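Colleague: Sharing input-v2.pdb below, PDB, C-alpha atoms:
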```
MODEL        1
ATOM      1  CA  MET A   1       0.000   0.000   0.000
ATOM      2  CA  LYS A   2       1.369   3.473  -0.922
ATOM      3  CA  ASN A   3       0.525   6.914   0.405
ATOM      4  CA  SER A   4      -0.146  10.010  -1.773
ATOM      5  CA  THR A   5       3.607  10.630  -2.287
ATOM      6  CA  GLY A   6       4.093   7.148  -3.735
ATOM      7  CA  ASN A   7       6.078   5.906  -0.738
ATOM      8  CA  PRO A   8       5.137   2.701   0.992
ATOM      9  CA  LYS A   9       2.758   3.273   3.893
ATOM     10  CA  LYS A  10       3.784   1.849   7.224
ATOM     11  CA  ALA A  11       1.099  -0.148   8.922
ATOM     12  CA  LYS A  12       0.032   1.192  12.287
ATOM     13  CA  PRO A  13       0.854  -1.160  15.122
ATOM     14  CA  ALA A  14      -2.101  -2.941  16.653
ATOM     15  CA  PRO A  15      -3.230  -1.422  19.948
ATOM     16  CA  LYS A  16      -1.760  -3.111  22.976
ATOM     17  CA  ILE A  17      -4.341  -5.127  24.866
ATOM     18  CA  GLU A  18      -3.494  -6.217  28.367
ATOM     19  CA  ALA A  19      -5.013  -9.329  29.846
ATOM     20  CA  LYS A  20      -6.963  -8.640  32.999
ATOM     21  CA  ALA A  21      -7.694 -10.995  35.833
ATOM     22  CA  ALA A  22     -11.177 -12.426  35.984
ATOM     23  CA  PRO A  23     -13.481 -10.398  38.234
ATOM     24  CA  ARG A  24     -13.449 -11.588  41.798
ATOM     25  CA  PRO A  25     -16.603 -12.781  43.545
ATOM     26  CA  ASN A  26     -18.221 -10.290  45.887
ATOM     27  CA  LYS A  27     -17.093 -10.123  49.524
ATOM     28  CA  THR A  28     -20.220 -11.815  50.882
ATOM     29  CA  GLU A  29     -19.791 -14.741  48.498
ATOM     30  CA  VAL A  30     -16.106 -15.106  49.379
ATOM     31  CA  ASP A  31     -16.905 -15.065  53.089
ATOM     32  CA  SER A  32     -19.648 -17.679  52.787
ATOM     33  CA  CYS A  33     -18.221 -20.215  50.327
ATOM     34  CA  PRO A  34     -14.816 -21.939  50.290
ATOM     35  CA  ILE A  35     -15.084 -22.454  46.513
ATOM     36  CA  ALA A  36     -15.699 -18.730  45.931
ATOM     37  CA  ALA A  37     -12.851 -17.893  48.321
ATOM     38  CA  THR A  38     -10.510 -20.142  46.304
ATOM     39  CA  VAL A  39     -11.673 -18.811  42.928
ATOM     40  CA  ALA A  40     -11.088 -15.263  44.187
ATOM     41  CA  ILE A  41      -7.378 -16.117  44.366
ATOM     42  CA  LEU A  42      -6.952 -18.817  41.728
ATOM     43  CA  GLY A  43      -9.849 -18.194  39.376
ATOM     44  CA  ASP A  44      -7.864 -17.210  36.329
ATOM     45  CA  ARG A  45      -5.928 -19.402  33.945
ATOM     46  CA  TRP A  46      -2.518 -17.896  34.688
ATOM     47  CA  SER A  47      -2.646 -18.371  38.459
ATOM     48  CA  VAL A  48      -3.545 -22.048  38.114
ATOM     49  CA  LEU A  49      -0.865 -22.669  35.472
ATOM     50  CA  ILE A  50       1.753 -20.838  37.568
ATOM     51  CA  MET A  51       0.863 -23.064  40.528
ATOM     52  CA  ARG A  52       1.061 -26.134  38.254
ATOM     53  CA  ASP A  53       4.596 -25.202  37.219
ATOM     54  CA  LEU A  54       5.750 -24.286  40.731
ATOM     55  CA  LEU A  55       4.378 -27.583  42.045
ATOM     56  CA  LEU A  56       6.251 -29.414  39.284
ATOM     57  CA  GLY A  57       9.462 -27.780  40.536
ATOM     58  CA  LEU A  58      10.033 -24.697  38.366
ATOM     59  CA  ARG A  59      11.165 -21.840  40.613
ATOM     60  CA  ARG A  60      12.443 -18.839  38.693
ATOM     61  CA  PHE A  61      10.781 -15.999  36.805
ATOM     62  CA  ASP A  62      12.523 -16.788  33.502
ATOM     63  CA  GLU A  63      11.577 -20.479  33.803
ATOM     64  CA  LEU A  64       7.920 -19.517  34.236
ATOM     65  CA  VAL A  65       8.034 -17.122  31.258
ATOM     66  CA  LYS A  66       9.527 -19.874  29.065
ATOM     67  CA  SER A  67       7.099 -22.542  30.243
ATOM     68  CA  LEU A  68       3.947 -20.445  30.002
ATOM     69  CA  GLY A  69       4.680 -17.946  27.235
ATOM     70  CA  ILE A  70       3.214 -15.345  29.583
ATOM     71  CA  ALA A  71       3.801 -11.590  29.401
ATOM     72  CA  THR A  72       6.172 -10.477  32.154
ATOM     73  CA  ASN A  73       3.764  -7.857  33.549
ATOM     74  CA  ILE A  74       1.026 -10.487  33.935
ATOM     75  CA  LEU A  75       3.442 -12.941  35.544
ATOM     76  CA  THR A  76       4.633 -10.273  37.988
ATOM     77  CA  ASP A  77       1.028  -9.454  38.911
ATOM     78  CA  ARG A  78       0.076 -13.100  39.503
ATOM     79  CA  LEU A  79       3.254 -13.885  41.467
ATOM     80  CA  ASN A  80       2.594 -10.873  43.703
ATOM     81  CA  ARG A  81      -1.009 -11.955  44.267
ATOM     82  CA  LEU A  82      -0.065 -15.582  45.006
ATOM     83  CA  THR A  83       2.606 -14.314  47.432
ATOM     84  CA  ASP A  84       0.194 -11.899  49.134
ATOM     85  CA  GLU A  85      -2.396 -14.676  49.489
ATOM     86  CA  GLY A  86       0.139 -17.049  51.093
ATOM     87  CA  LEU A  87       0.393 -19.712  48.381
ATOM     88  CA  ILE A  88       4.003 -19.003  47.471
ATOM     89  CA  ALA A  89       7.020 -17.429  49.165
ATOM     90  CA  ARG A  90       9.664 -15.325  47.450
ATOM     91  CA  GLN A  91      13.285 -16.175  48.274
ATOM     92  CA  ALA A  92      16.456 -14.461  46.995
ATOM     93  CA  TYR A  93      18.845 -16.801  45.191
ATOM     94  CA  GLN A  94      21.225 -14.139  43.799
ATOM     95  CA  LYS A  95      22.547 -10.738  44.915
ATOM     96  CA  SER A  96      23.647  -7.833  42.705
ATOM     97  CA  PRO A  97      21.249  -7.790  41.023
ATOM     98  CA  THR A  98      18.876  -9.451  43.443
ATOM     99  CA  ARG A  99      16.965 -12.300  41.828
ATOM    100  CA  PHE A 100      14.184 -14.294  43.438
ATOM    101  CA  GLU A 101      12.750 -17.756  43.158
ATOM    102  CA  TYR A 102       9.229 -18.718  44.153
ATOM    103  CA  LEU A 103       8.491 -21.672  46.406
ATOM    104  CA  PRO A 104       5.097 -23.127  47.330
ATOM    105  CA  THR A 105       4.139 -22.616  50.976
ATOM    106  CA  PRO A 106       2.234 -25.373  52.836
ATOM    107  CA  ALA A 107      -1.008 -23.842  51.483
ATOM    108  CA  GLY A 108       0.488 -23.901  47.975
ATOM    109  CA  GLU A 109       1.648 -27.503  48.384
ATOM    110  CA  ASP A 110      -1.853 -28.481  49.466
ATOM    111  CA  PHE A 111      -3.178 -27.031  46.181
ATOM    112  CA  ARG A 112      -1.441 -29.986  44.472
ATOM    113  CA  ARG A 113      -4.579 -32.076  45.121
ATOM    114  CA  VAL A 114      -6.629 -29.549  43.135
ATOM    115  CA  ILE A 115      -4.078 -29.518  40.289
ATOM    116  CA  MET A 116      -4.145 -33.325  40.200
ATOM    117  CA  SER A 117      -7.961 -33.344  40.096
ATOM    118  CA  ILE A 118      -8.039 -30.777  37.287
ATOM    119  CA  GLY A 119      -5.505 -32.885  35.386
ATOM    120  CA  GLU A 120      -7.548 -36.057  35.795
ATOM    121  CA  TRP A 121     -10.721 -34.330  34.614
ATOM    122  CA  GLY A 122      -8.922 -32.817  31.619
ATOM    123  CA  LYS A 123      -7.393 -36.178  30.701
ATOM    124  CA  ALA A 124     -10.808 -37.867  30.816
ATOM    125  CA  TRP A 125     -12.919 -35.148  29.182
ATOM    126  CA  ARG A 126     -10.709 -32.837  27.105
ATOM    127  CA  MET A 127      -7.879 -34.888  25.639
ATOM    128  CA  THR A 128      -8.047 -36.776  22.343
ATOM    129  CA  PRO A 129      -7.699 -39.656  22.443
ATOM    130  CA  GLN A 130      -9.311 -39.824  25.870
ATOM    131  CA  GLY A 131      -6.734 -40.434  28.569
ATOM    132  CA  ARG A 132      -3.798 -38.922  26.663
ATOM    133  CA  THR A 133      -1.492 -36.944  28.948
ATOM    134  CA  PRO A 134       2.051 -35.575  28.576
ATOM    135  CA  PHE A 135       2.906 -36.344  32.210
ATOM    136  CA  GLN A 136       1.378 -37.940  35.284
ATOM    137  CA  TYR A 137       1.900 -38.029  39.012
ATOM    138  CA  ILE A 138       3.400 -41.200  40.440
ATOM    139  CA  ASN A 139       4.035 -42.721  43.854
ATOM    140  CA  CYS A 140       7.740 -42.070  44.542
ATOM    141  CA  ASP A 141       8.066 -45.403  46.382
ATOM    142  CA  THR A 142       6.420 -47.685  43.806
ATOM    143  CA  GLY A 143       6.495 -45.740  40.539
ATOM    144  CA  ASN A 144       2.770 -46.421  40.129
ATOM    145  CA  ALA A 145       0.423 -43.735  38.796
ATOM    146  CA  ILE A 146      -1.564 -41.819  41.404
ATOM    147  CA  ILE A 147      -5.237 -40.977  41.024
ATOM    148  CA  VAL A 148      -7.438 -38.747  43.161
ATOM    149  CA  LYS A 149     -10.336 -40.467  44.927
ATOM    150  CA  LEU A 150     -13.187 -39.427  47.189
ATOM    151  CA  VAL A 151     -12.903 -41.100  50.569
ATOM    152  CA  ASP A 152     -15.344 -41.241  53.496
ATOM    153  CA  ALA A 153     -13.672 -39.199  56.250
ATOM    154  CA  LYS A 154     -14.609 -41.674  59.017
ATOM    155  CA  THR A 155     -14.539 -45.117  57.375
ATOM    156  CA  GLY A 156     -11.817 -44.537  54.792
ATOM    157  CA  ALA A 157     -13.990 -46.252  52.175
ATOM    158  CA  GLU A 158     -13.934 -44.943  48.604
ATOM    159  CA  VAL A 159     -17.080 -43.013  47.654
ATOM    160  CA  PRO A 160     -18.305 -43.057  44.023
ATOM    161  CA  ILE A 161     -18.739 -39.518  42.669
ATOM    162  CA  GLN A 162     -22.485 -40.051  42.125
ATOM    163  CA  ASP A 163     -22.842 -40.791  45.857
ATOM    164  CA  ALA A 164     -21.314 -37.444  46.915
ATOM    165  CA  MET A 165     -23.809 -34.755  47.908
ATOM    166  CA  GLY A 166     -23.580 -31.195  49.194
ATOM    167  CA  VAL A 167     -25.241 -30.493  52.560
ATOM    168  CA  THR A 168     -25.427 -27.380  54.714
ATOM    169  CA  THR A 169     -23.547 -26.867  57.947
ATOM    170  CA  ASP A 170     -24.104 -24.574  60.921
ATOM    171  CA  TRP A 171     -22.083 -21.958  59.012
ATOM    172  CA  ALA A 172     -24.554 -21.793  56.101
ATOM    173  CA  ASP A 173     -26.181 -18.426  55.401
ATOM    174  CA  ASP A 174     -29.518 -17.856  53.630
ATOM    175  CA  LEU A 175     -27.969 -18.018  50.161
ATOM    176  CA  VAL A 176     -26.222 -21.326  50.833
ATOM    177  CA  ASN A 177     -29.424 -22.771  52.326
ATOM    178  CA  TRP A 178     -31.334 -21.630  49.215
ATOM    179  CA  ARG A 179     -28.748 -23.220  46.864
ATOM    180  CA  ILE A 180     -28.924 -26.584  48.597
ATOM    181  CA  ALA A 181     -32.731 -26.546  48.905
ATOM    182  CA  THR A 182     -33.131 -25.623  45.228
ATOM    183  CA  ALA A 183     -30.697 -28.318  44.122
ATOM    184  CA  ARG A 184     -32.525 -30.906  46.254
ATOM    185  CA  ALA A 185     -35.875 -29.824  44.769
ATOM    186  CA  HIS A 186     -34.506 -30.437  41.275
ATOM    187  CA  ALA A 187     -33.133 -33.817  42.314
ATOM    188  CA  GLY A 188     -36.460 -34.756  43.917
ATOM    189  CA  SER A 189     -38.390 -33.848  40.753
ATOM    190  CA  GLY A 190     -36.316 -36.301  38.726
ATOM    191  CA  ASN A 191     -34.938 -33.425  36.630
ATOM    192  CA  THR A 192     -31.207 -34.029  37.042
ATOM    193  CA  GLY A 193     -30.170 -32.184  33.911
ATOM    194  CA  LYS A 194     -29.047 -35.394  32.240
ATOM    195  CA  ALA A 195     -30.219 -36.017  28.695
TER     196      ALA A 195
ENDMDL
END
```
Now that the file is in, can you turn its structure into structure tokens?
Modeller:
Amino acid sequence: MKNSTGNPKKAKPAPKIEAKAAPRPNKTEVDSCPIAATVAILGDRWSVLIMRDLLLGLRRFDELVKSLGIATNILTDRLNRLTDEGLIARQAYQKSPTRFEYLPTPAGEDFRRVIMSIGEWGKAWRMTPQGRTPFQYINCDTGNAIIVKLVDAKTGAEVPIQDAMGVTTDWADDLVNWRIATARAHAGSGNTGKA
């Protein structure tokens, strides 16, 4: 394309669009629901993928950039948030200039169960062929694959997913009570949402 003087026209650069974190649930929701409280911290793709990589053993900023292909400003924002929320700790590994590595805290380590569950669901429902996975978690002692299971807290018996049900506790507010009652009403009507 040429301008009126016959010289080639330079294309205008595309406007810079910055990714923004997903909106956080409202304060009441976060205070009343452990799922909402978790999503408020880890409810965007980057935070979960950063935790995946840190739990695999990556530690440094440049390693995370390479692994994720993430913009450095977004990575800085998410690392700061995960640090502020107590899932990771920042530790200097070099002076002059100071460089940091990021290590999961006990709360971050405990998030491994969530990462493993997400991975199992993705392997079963999003990968083609079903079950394909580039890596898996194994038992360090036996080398056998590890899977996440639901277990009865008192008996230790495995619980099939279809036998798990949400119930209210003494901590439930009106909204939680409404959710559970409405869900039960649907279940009682035989309308389970299954085709």
Colleague: Measuring atom to atom with all atoms listed in the file, identify which of A:Leu49, A:Thr142, A:Phe61, A:Asn177 is nearest to A:Tyr93.
Modeller: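 Looking only at the distances to A:Tyr93, the closest residue turns out to be A:Phe61.
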Colleague: What do you get, as a PyMOL selection string, if you spell out every residue that the PyMOL selection byres ((chain A and resi 161) around 12) selects here?
Modeller: chain A and resi 148-152+158-160+162-166
Colleague: Show which residues sit within 7 Å of stretch 85-87 of chain A, as a VMD selection string. Count all atoms listed in the file, and ignore same-chain residues fewer than 3 positions away.
Modeller: chain A and resid 81 to 82 104 to 105 107 to 108
Colleague: Near stretch 171-173 of chain A, within 12 Å and counting all atoms listed in the file, which residues show up once chain neighbours fewer than 2 positions away are dropped, as a ChimeraX atom specification?
Modeller: /A:28-29,31-34,166-169,175-181
Colleague: Taking all atoms listed in the file into account, which of A:Ala92, A:Ile35, A:Ile118, A:Leu54 comes nearest A:Ile147?
Modeller: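 The closest residue to A:Ile147 is A:Ile118.
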Colleague: Out of A:Lys66, A:Arg126, A:Arg59, A:Arg113, which residue has the shortest atom-to-atom distance to A:Ile88 when counting all atoms listed in the file?
Modeller: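 Comparing A:Lys66, A:Arg126, A:Arg59, A:Arg113 against A:Ile88, the winner is A:Arg59.
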Colleague: Would you kindly translate the PyMOL selection byres ((chain A and resi 42) around 10) into the concrete residues it picks from this file, as a tab-separated table (two decimals) with C-alpha atoms, keeping the file's coordinate frame?
Modeller:
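The result, written out as expr.tsv:
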```tsv
chain	number	residue	atom	x	y	z
A	21	ALA	CA	-7.69	-11.00	35.83
A	22	ALA	CA	-11.18	-12.43	35.98
A	24	ARG	CA	-13.45	-11.59	41.80
A	36	ALA	CA	-15.70	-18.73	45.93
A	37	ALA	CA	-12.85	-17.89	48.32
A	38	THR	CA	-10.51	-20.14	46.30
A	39	VAL	CA	-11.67	-18.81	42.93
A	40	ALA	CA	-11.09	-15.26	44.19
A	41	ILE	CA	-7.38	-16.12	44.37
A	43	GLY	CA	-9.85	-18.19	39.38
A	44	ASP	CA	-7.86	-17.21	36.33
A	45	ARG	CA	-5.93	-19.40	33.94
A	46	TRP	CA	-2.52	-17.90	34.69
A	47	SER	CA	-2.65	-18.37	38.46
A	48	VAL	CA	-3.54	-22.05	38.11
A	49	LEU	CA	-0.86	-22.67	35.47
A	50	ILE	CA	1.75	-20.84	37.57
A	51	MET	CA	0.86	-23.06	40.53
A	78	ARG	CA	0.08	-13.10	39.50
A	81	ARG	CA	-1.01	-11.96	44.27
A	82	LEU	CA	-0.06	-15.58	45.01
A	85	GLU	CA	-2.40	-14.68	49.49
A	87	LEU	CA	0.39	-19.71	48.38
```
Colleague: What would stretch 37-69 of chain A look like with N, CA and C atoms in place, written as an mmCIF file, in the coordinates of the input?
Modeller:
```cif
data_model
loop_
_atom_site.group_PDB
_atom_site.id
_atom_site.type_symbol
_atom_site.label_atom_id
_atom_site.label_comp_id
_atom_site.auth_asym_id
_atom_site.auth_seq_id
_atom_site.Cartn_x
_atom_site.Cartn_y
_atom_site.Cartn_z
ATOM 1 N N ALA A 37 -14.067 -18.433 47.724
ATOM 2 C CA ALA A 37 -12.851 -17.893 48.321
ATOM 3 C C ALA A 37 -11.609 -18.367 47.564
ATOM 4 N N THR A 38 -11.628 -19.598 47.078
ATOM 5 C CA THR A 38 -10.510 -20.142 46.304
ATOM 6 C C THR A 38 -10.458 -19.509 44.920
ATOM 7 N N VAL A 39 -11.610 -19.401 44.262
ATOM 8 C CA VAL A 39 -11.673 -18.811 42.928
ATOM 9 C C VAL A 39 -11.248 -17.346 42.963
ATOM 10 N N ALA A 40 -11.496 -16.663 44.065
ATOM 11 C CA ALA A 40 -11.088 -15.263 44.187
ATOM 12 C C ALA A 40 -9.572 -15.121 44.067
ATOM 13 N N ILE A 41 -8.840 -16.139 44.447
ATOM 14 C CA ILE A 41 -7.378 -16.117 44.366
ATOM 15 C C ILE A 41 -6.885 -16.815 43.105
ATOM 16 N N LEU A 42 -7.471 -17.951 42.786
ATOM 17 C CA LEU A 42 -6.952 -18.817 41.728
ATOM 18 C C LEU A 42 -7.934 -19.000 40.580
ATOM 19 N N GLY A 43 -8.796 -18.033 40.363
ATOM 20 C CA GLY A 43 -9.849 -18.194 39.376
ATOM 21 C C GLY A 43 -9.491 -17.789 37.966
ATOM 22 N N ASP A 44 -8.227 -17.499 37.707
ATOM 23 C CA ASP A 44 -7.864 -17.210 36.329
ATOM 24 C C ASP A 44 -6.843 -18.232 35.852
ATOM 25 N N ARG A 45 -6.778 -18.383 34.561
ATOM 26 C CA ARG A 45 -5.928 -19.402 33.945
ATOM 27 C C ARG A 45 -4.476 -19.277 34.387
ATOM 28 N N TRP A 46 -3.941 -18.056 34.408
ATOM 29 C CA TRP A 46 -2.518 -17.896 34.688
ATOM 30 C C TRP A 46 -2.160 -18.331 36.105
ATOM 31 N N SER A 47 -2.963 -17.995 37.078
ATOM 32 C CA SER A 47 -2.646 -18.371 38.459
ATOM 33 C C SER A 47 -2.586 -19.883 38.617
ATOM 34 N N VAL A 48 -3.532 -20.586 38.018
ATOM 35 C CA VAL A 48 -3.545 -22.048 38.114
ATOM 36 C C VAL A 48 -2.333 -22.641 37.398
ATOM 37 N N LEU A 49 -2.013 -22.135 36.210
ATOM 38 C CA LEU A 49 -0.865 -22.669 35.472
ATOM 39 C C LEU A 49 0.461 -22.335 36.162
ATOM 40 N N ILE A 50 0.557 -21.166 36.788
ATOM 41 C CA ILE A 50 1.753 -20.838 37.568
ATOM 42 C C ILE A 50 1.896 -21.819 38.731
ATOM 43 N N MET A 51 0.803 -22.094 39.434
ATOM 44 C CA MET A 51 0.863 -23.064 40.528
ATOM 45 C C MET A 51 1.230 -24.449 40.010
ATOM 46 N N ARG A 52 0.681 -24.833 38.846
ATOM 47 C CA ARG A 52 1.061 -26.134 38.254
ATOM 48 C C ARG A 52 2.567 -26.217 38.089
ATOM 49 N N ASP A 53 3.164 -25.172 37.485
ATOM 50 C CA ASP A 53 4.596 -25.202 37.219
ATOM 51 C C ASP A 53 5.426 -25.151 38.492
ATOM 52 N N LEU A 54 5.012 -24.334 39.465
ATOM 53 C CA LEU A 54 5.750 -24.286 40.731
ATOM 54 C C LEU A 54 5.674 -25.624 41.456
ATOM 55 N N LEU A 55 4.523 -26.278 41.394
ATOM 56 C CA LEU A 55 4.378 -27.583 42.045
ATOM 57 C C LEU A 55 5.134 -28.684 41.303
ATOM 58 N N LEU A 56 5.399 -28.473 40.021
ATOM 59 C CA LEU A 56 6.251 -29.414 39.284
ATOM 60 C C LEU A 56 7.725 -29.230 39.626
ATOM 61 N N GLY A 57 8.083 -28.029 40.136
ATOM 62 C CA GLY A 57 9.462 -27.780 40.536
ATOM 63 C C GLY A 57 10.140 -26.607 39.851
ATOM 64 N N LEU A 58 9.455 -25.919 38.911
ATOM 65 C CA LEU A 58 10.033 -24.697 38.366
ATOM 66 C C LEU A 58 10.049 -23.669 39.492
ATOM 67 N N ARG A 59 11.029 -22.758 39.486
ATOM 68 C CA ARG A 59 11.165 -21.840 40.613
ATOM 69 C C ARG A 59 11.379 -20.390 40.194
ATOM 70 N N ARG A 60 11.973 -20.178 39.035
ATOM 71 C CA ARG A 60 12.443 -18.839 38.693
ATOM 72 C C ARG A 60 11.567 -18.163 37.652
ATOM 73 N N PHE A 61 11.604 -16.825 37.678
ATOM 74 C CA PHE A 61 10.781 -15.999 36.805
ATOM 75 C C PHE A 61 10.985 -16.381 35.338
ATOM 76 N N ASP A 62 12.250 -16.479 34.904
ATOM 77 C CA ASP A 62 12.523 -16.788 33.502
ATOM 78 C C ASP A 62 12.046 -18.195 33.130
ATOM 79 N N GLU A 63 12.088 -19.122 34.068
ATOM 80 C CA GLU A 63 11.577 -20.479 33.803
ATOM 81 C C GLU A 63 10.063 -20.438 33.573
ATOM 82 N N LEU A 64 9.370 -19.633 34.376
ATOM 83 C CA LEU A 64 7.920 -19.517 34.236
ATOM 84 C C LEU A 64 7.554 -18.835 32.923
ATOM 85 N N VAL A 65 8.285 -17.796 32.536
ATOM 86 C CA VAL A 65 8.034 -17.122 31.258
ATOM 87 C C VAL A 65 8.196 -18.118 30.114
ATOM 88 N N LYS A 66 9.275 -18.894 30.139
ATOM 89 C CA LYS A 66 9.527 -19.874 29.065
ATOM 90 C C LYS A 66 8.448 -20.949 29.032
ATOM 91 N N SER A 67 8.083 -21.467 30.181
ATOM 92 C CA SER A 67 7.099 -22.542 30.243
ATOM 93 C C SER A 67 5.723 -22.091 29.780
ATOM 94 N N LEU A 68 5.319 -20.890 30.215
ATOM 95 C CA LEU A 68 3.947 -20.445 30.002
ATOM 96 C C LEU A 68 3.761 -19.550 28.783
ATOM 97 N N GLY A 69 4.836 -18.918 28.305
ATOM 98 C CA GLY A 69 4.680 -17.946 27.235
ATOM 99 C C GLY A 69 3.870 -16.747 27.697
#
```
